[in-house]
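A short worksheet on the structure shown next.
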Amino acid sequence: MSPGIEQALDRLGLASSFRDLQPARIQRMRIRIGASEKCARLPEPAYGLSRYTFDSWLWTHAIQAGAAHAETGQPNVIATGRSSRVARGGRLFGFKAHFRGPTDDVVELYFRGRTYVGVNCVEGGWTNVCGIAPEDDLRSCHFDVDSFLHRHRAVRARLAPLRRDWDWIFTGPLEFRNRLRTPLDAYAAGDAVSFVDPFTGSGLLCAVMTGSLAGRSAARGTPIPEYVSQCVALLRRPFQISSVLRSICSTPLAGPLLRLAPAKLIFKWTRPYT
C-alpha cells in the first residue's frame, strides 16, 4: 500500500488497528524496464497487506460503526463497478497469486510492452505477485500465467526462489478511465470513480480517501457535483501522470527516462493530494 495510507487511516481513527494486522513494511522500490533499472528508498514506509485481509478488516469496522447494507433501493455510495468498452482481443486482464519463500522490504515493478508485474511482501510471510497483460498475450499461452511469466527473464529470475501457494486469480477486462467528467447520480468512490494504474501503488490510498469523502458527503447531503469537484482535486494529477507513464513504458524512451527520472518526483506525482 502506498506511502500515506497510515495517515489516511489515522484520520479515521483506524491506524492502530491497521498496524495490529501486521502488514509487511516496505521501505525500498525497484523498477525494471528492459535492461534499465532504478532502485531507491521510499520517502516514507509503505505497507504490504493482502486485499482479502484489508477488505475484511474495513468491512468489520464499517459494520461496527453502524453501516447498513440494503439489498434493494438506490444506493447513495457506489464503490464497485469496473467496466470495459474495449473490443474483444484488445482488452487487458489482471492476475495475482501469493507465493512462499524469502521475504524482503522491496516493492518491485517489471515492465515489458503493455505488460507489467509487481512483486511485494504482504502479511504472514507471503509474497504477492500481480500483473496486467493484454488479452492476446495471455491467450497465446492459454492464460497459463506461470508459462506467461516464464517468458520474462527478469521476472523468472525473481520468482525462482519462491513457490506459488494458490491458483492464479484473474480480473477484468480492465480499462484505465475515470468518471470525473461524467454526470453521476450517486457518490462514486474507489475504482467506480477512477481506476488508477496499479503500478503507481496508490489505488488503495485513493479508495480510502474517496470512500471517506463519499461517506461524509452522503451523511451531510453534499451536492454530488460538489463531491465530484473534491474528487477531481484529489485524483486528477495521479490519473494524468500515470496515463502518461503508461504510454511511455511501452516505448524505447522508457529505459533512458527511467534512469533520469528522480525517484522522489515519481512518488510525488502519482500520489493523490492529501
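Following the order of the C-alpha cells, chains are lettered A, B, ..., residues in each are numbered from 1, and ligands are numbered from 1.
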### Task
Using only C-alpha atoms, determine which residues lie at most 6 Å from Ile132 (chain A), disregarding the query and same-chain residues fewer than 2 positions distant; provide the list as a VMD selection string.
chain A and resid 93 to 94 115 to 116
Contacts of region 144-148 of chain A at 10 Å (only C-alpha atoms; same-chain gap of 2+ positions) as a compact mmCIF listing (two decimals) with N, CA and C atoms, in the first residue's frame:
# COMPACT_ATOMS: atom_id res chain seq x y z
N PHE A 95 -3.99 -10.31 -13.04
CA PHE A 95 -3.81 -11.62 -12.42
C PHE A 95 -2.99 -11.46 -11.15
N LYS A 96 -3.20 -12.35 -10.20
CA LYS A 96 -2.42 -12.29 -8.96
C LYS A 96 -2.43 -13.65 -8.27
N ALA A 97 -1.41 -13.86 -7.44
CA ALA A 97 -1.32 -15.05 -6.58
C ALA A 97 -0.34 -14.74 -5.47
N GLY A 131 -0.12 -8.67 -11.78
CA GLY A 131 0.26 -8.03 -13.03
C GLY A 131 -0.93 -7.75 -13.91
N ALA A 133 -1.82 -7.69 -18.22
CA ALA A 133 -1.28 -8.06 -19.53
C ALA A 133 -2.40 -8.02 -20.57
N ASP A 137 -1.84 -11.69 -25.52
CA ASP A 137 -0.61 -12.28 -25.00
C ASP A 137 -0.92 -13.41 -24.03
N LEU A 138 -1.93 -13.22 -23.18
CA LEU A 138 -2.31 -14.27 -22.24
C LEU A 138 -2.93 -15.46 -22.97
N ARG A 139 -3.71 -15.17 -24.00
CA ARG A 139 -4.33 -16.26 -24.74
C ARG A 139 -3.30 -17.10 -25.48
N SER A 140 -2.17 -16.48 -25.86
CA SER A 140 -1.14 -17.22 -26.59
C SER A 140 -0.55 -18.36 -25.76
N CYS A 141 -0.69 -18.26 -24.42
CA CYS A 141 -0.24 -19.36 -23.56
C CYS A 141 -1.43 -19.93 -22.78
N HIS A 142 -2.65 -19.77 -23.36
CA HIS A 142 -3.87 -20.35 -22.79
C HIS A 142 -4.13 -19.85 -21.37
N HIS A 150 7.20 -16.99 -17.36
CA HIS A 150 8.48 -17.66 -17.64
C HIS A 150 9.17 -17.05 -18.85
N ARG A 151 8.39 -16.41 -19.73
CA ARG A 151 8.97 -15.77 -20.91
C ARG A 151 9.73 -14.49 -20.55
N HIS A 152 9.44 -13.93 -19.38
CA HIS A 152 10.04 -12.66 -18.94
C HIS A 152 11.25 -13.00 -18.07
N ARG A 156 11.22 -14.15 -14.22
CA ARG A 156 11.52 -15.56 -13.98
C ARG A 156 12.62 -15.72 -12.93
N ARG A 164 4.60 -20.89 -5.57
CA ARG A 164 3.22 -20.38 -5.60
C ARG A 164 2.35 -21.16 -4.63
N ASP A 167 -3.85 -20.92 -6.57
CA ASP A 167 -4.07 -20.71 -8.00
C ASP A 167 -4.14 -19.22 -8.34
N TRP A 168 -3.81 -18.93 -9.59
CA TRP A 168 -3.89 -17.56 -10.07
C TRP A 168 -5.34 -17.08 -10.10
N ILE A 169 -5.54 -15.84 -9.68
CA ILE A 169 -6.84 -15.19 -9.75
C ILE A 169 -6.80 -14.18 -10.89
N PHE A 170 -7.85 -14.15 -11.70
CA PHE A 170 -7.93 -13.20 -12.80
C PHE A 170 -9.02 -12.16 -12.53
Could the residues of region 75-169 of chain A that have an atom at most 7 Å from region 232-254 of chain A be listed as a tab-separated table, each with its closest atom pair and the distance in Å to one decimal, counting only C-alpha atoms and ordered by chain and ascending residue number?
residue	atom	partner	partner_atom	distance
A:Phe111	CA	A:Cys249	CA	7.0
A:Arg112	CA	A:Ser250	CA	6.7
A:Gly113	CA	A:Ser250	CA	4.3
A:Arg114	CA	A:Ser250	CA	5.9
What are the closest atom pairs, with distances in Å to one decimal, for all residues of region 116-186 of chain A lying within 12 Å of region 14-38 of chain A? Consider only C-alpha atoms, order rows by chain and residue number, and present the result as a Markdown table.
| residue | atom | partner | partner_atom | distance |
| --- | --- | --- | --- | --- |
| A:Tyr116 | CA | A:Ile33 | CA | 9.3 |
| A:Val117 | CA | A:Arg32 | CA | 9.9 |
| A:Gly118 | CA | A:Ile31 | CA | 9.3 |
| A:Val119 | CA | A:Arg30 | CA | 9.7 |
| A:Asn120 | CA | A:Ile26 | CA | 8.0 |
| A:Cys121 | CA | A:Ala24 | CA | 6.0 |
| A:Val122 | CA | A:Ala24 | CA | 4.9 |
| A:Glu123 | CA | A:Pro23 | CA | 4.7 |
| A:Gly124 | CA | A:Gln22 | CA | 8.0 |
| A:Gly125 | CA | A:Ala24 | CA | 8.0 |
| A:Trp126 | CA | A:Ala24 | CA | 9.1 |
| A:Thr127 | CA | A:Ala24 | CA | 9.6 |
| A:Asn128 | CA | A:Ala24 | CA | 10.9 |
| A:His152 | CA | A:Gly34 | CA | 9.9 |
| A:Arg153 | CA | A:Gly34 | CA | 9.9 |
| A:Ala154 | CA | A:Arg32 | CA | 8.3 |
| A:Val155 | CA | A:Arg32 | CA | 9.6 |
| A:Arg158 | CA | A:Arg32 | CA | 11.5 |
Name the residues in contact with Glu226 (chain A) at a cut-off of 12 Å, using only C-alpha atoms, excluding same-chain residues fewer than 6 positions from it; report them as a list in words.
-> Leu180, Pro183, Leu184, Ala186, Tyr187, Leu213, Ala214, Ser217, Ala218, Arg220, Val232 and Ala233 of chain A
Pull C-alpha atoms from the residues just selected and write them as a short mmCIF file (atom, residue, chain, number, x, y, z; two decimals), in the first residue's frame.
data_model
loop_
_atom_site.label_atom_id
_atom_site.label_comp_id
_atom_site.auth_asym_id
_atom_site.auth_seq_id
_atom_site.Cartn_x
_atom_site.Cartn_y
_atom_site.Cartn_z
CA LEU A 180 -14.60 12.78 -13.08
CA PRO A 183 -22.64 13.15 -14.52
CA LEU A 184 -23.23 10.90 -11.51
CA ALA A 186 -24.54 8.68 -6.57
CA TYR A 187 -21.30 9.23 -4.68
CA LEU A 213 -15.11 11.60 1.33
CA ALA A 214 -18.13 9.81 -0.18
CA SER A 217 -20.73 13.73 1.66
CA ALA A 218 -23.63 11.26 1.76
CA ARG A 220 -24.10 15.62 5.06
CA VAL A 232 -11.05 15.98 -9.10
CA ALA A 233 -8.77 17.87 -6.72
#
Original post:
How would you write, as JSON, numbers by chain, the set of residues in region 6-156 of chain A that DSSP gives as strand (DSSP E)?
Top reply: {"A": [24, 25, 26, 27, 28, 29, 30, 31, 32, 33, 36, 37, 38, 39, 40, 41, 42, 43, 44, 45, 46, 47, 48, 77, 78, 92, 93, 94, 95, 96, 97, 98, 99, 100, 106, 107, 108, 109, 110, 111, 112, 115, 116, 117, 118, 119, 120, 121, 126, 127, 128, 129, 130, 131, 132, 133, 134]}
Please save C-alpha atoms of the selected residues as a tab-separated table (two decimals), in the first residue's frame.
chain	number	residue	atom	x	y	z
A	24	ALA	CA	4.77	-6.11	5.77
A	25	ARG	CA	6.82	-2.94	5.99
A	26	ILE	CA	8.14	-1.80	2.62
A	27	GLN	CA	10.96	0.72	2.50
A	28	ARG	CA	12.55	0.39	-0.94
A	29	MET	CA	11.48	0.18	-4.56
A	30	ARG	CA	12.96	-1.32	-7.71
A	31	ILE	CA	11.70	-0.60	-11.24
A	32	ARG	CA	12.92	-2.61	-14.20
A	33	ILE	CA	12.25	-1.68	-17.84
A	36	SER	CA	17.29	-0.28	-17.26
A	37	GLU	CA	16.75	-0.39	-13.52
A	38	LYS	CA	16.11	2.19	-10.82
A	39	CYS	CA	16.43	1.44	-7.10
A	40	ALA	CA	15.66	3.89	-4.31
A	41	ARG	CA	14.35	4.21	-0.77
A	42	LEU	CA	10.75	5.25	-0.43
A	43	PRO	CA	10.27	8.75	1.01
A	44	GLU	CA	8.24	7.12	3.78
A	45	PRO	CA	7.35	3.50	4.54
A	46	ALA	CA	4.64	1.72	2.59
A	47	TYR	CA	2.81	-1.42	3.71
A	48	GLY	CA	2.05	-4.79	2.18
A	77	VAL	CA	-22.42	5.42	-2.30
A	78	ILE	CA	-21.07	3.14	-5.04
A	92	LEU	CA	-6.41	-6.04	-20.54
A	93	PHE	CA	-6.65	-8.58	-17.72
A	94	GLY	CA	-5.16	-8.59	-14.25
A	95	PHE	CA	-3.81	-11.62	-12.42
A	96	LYS	CA	-2.42	-12.29	-8.96
A	97	ALA	CA	-1.32	-15.05	-6.58
A	98	HIS	CA	0.56	-15.41	-3.31
A	99	PHE	CA	3.91	-17.16	-3.06
A	100	ARG	CA	6.02	-18.56	-0.21
A	106	VAL	CA	11.23	-4.03	-1.56
A	107	VAL	CA	8.34	-3.36	-3.93
A	108	GLU	CA	9.40	-4.33	-7.44
A	109	LEU	CA	7.90	-3.44	-10.81
A	110	TYR	CA	8.79	-5.11	-14.11
A	111	PHE	CA	7.63	-3.62	-17.39
A	112	ARG	CA	7.65	-5.16	-20.84
A	115	THR	CA	2.60	-5.92	-19.54
A	116	TYR	CA	3.77	-5.12	-16.05
A	117	VAL	CA	4.28	-7.28	-12.99
A	118	GLY	CA	4.53	-6.19	-9.36
A	119	VAL	CA	6.15	-8.15	-6.52
A	120	ASN	CA	6.00	-7.27	-2.82
A	121	CYS	CA	5.63	-8.95	0.55
A	126	TRP	CA	3.57	-14.24	1.76
A	127	THR	CA	4.83	-12.52	-1.36
A	128	ASN	CA	2.13	-11.01	-3.55
A	129	VAL	CA	2.73	-11.28	-7.30
A	130	CYS	CA	0.31	-9.43	-9.55
A	131	GLY	CA	0.26	-8.03	-13.03
A	132	ILE	CA	-1.67	-6.73	-16.00
A	133	ALA	CA	-1.28	-8.06	-19.53
A	134	PRO	CA	-3.03	-7.84	-22.93
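Take CA of Thr80 (chain A) and CA of Ala192 (chain A): the distance between them is 5.2 Å.
Residues in contact range of Ile5 (chain A), defined as at most 9 Å between only C-alpha atoms, with sequence neighbours fewer than 4 positions away removed, read Met1, Leu9, Asp10, Ala15, Ala46, Tyr47, Ser202, Leu204, Leu205, Val208 and Met209 of chain A.
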Q: Within 7 Å of Ala79 (chain A), counting only C-alpha atoms, which residues show up once you throw out same-chain ones fewer than 4 positions away? Write them as JSON, numbers by chain, please.
A: {"A": [188, 189, 190, 191, 192]}
Grab the residues selected above and save them as a compact mmCIF listing (two decimals), in the first residue's frame with N, CA and C atoms.
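As written to disk, again_32.txt reads:
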# COMPACT_ATOMS: atom_id res chain seq x y z
N ALA A 188 -19.74 8.12 -6.17
CA ALA A 188 -18.87 7.04 -6.62
C ALA A 188 -17.50 7.16 -5.95
N ALA A 189 -16.97 6.03 -5.50
CA ALA A 189 -15.69 6.03 -4.78
C ALA A 189 -14.80 4.90 -5.30
N GLY A 190 -13.50 5.01 -5.03
CA GLY A 190 -12.57 3.96 -5.44
C GLY A 190 -12.55 3.79 -6.95
N ASP A 191 -12.48 2.53 -7.39
CA ASP A 191 -12.42 2.25 -8.82
C ASP A 191 -13.66 2.74 -9.56
N ALA A 192 -14.78 2.89 -8.86
CA ALA A 192 -16.00 3.34 -9.51
C ALA A 192 -15.89 4.78 -10.00
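For the residues A:Gly203, A:Leu149, A:Ile63, A:Asn76, ranking by smallest atom-to-atom distance to Arg216 (chain A) using only C-alpha atoms places A:Asn76 first.
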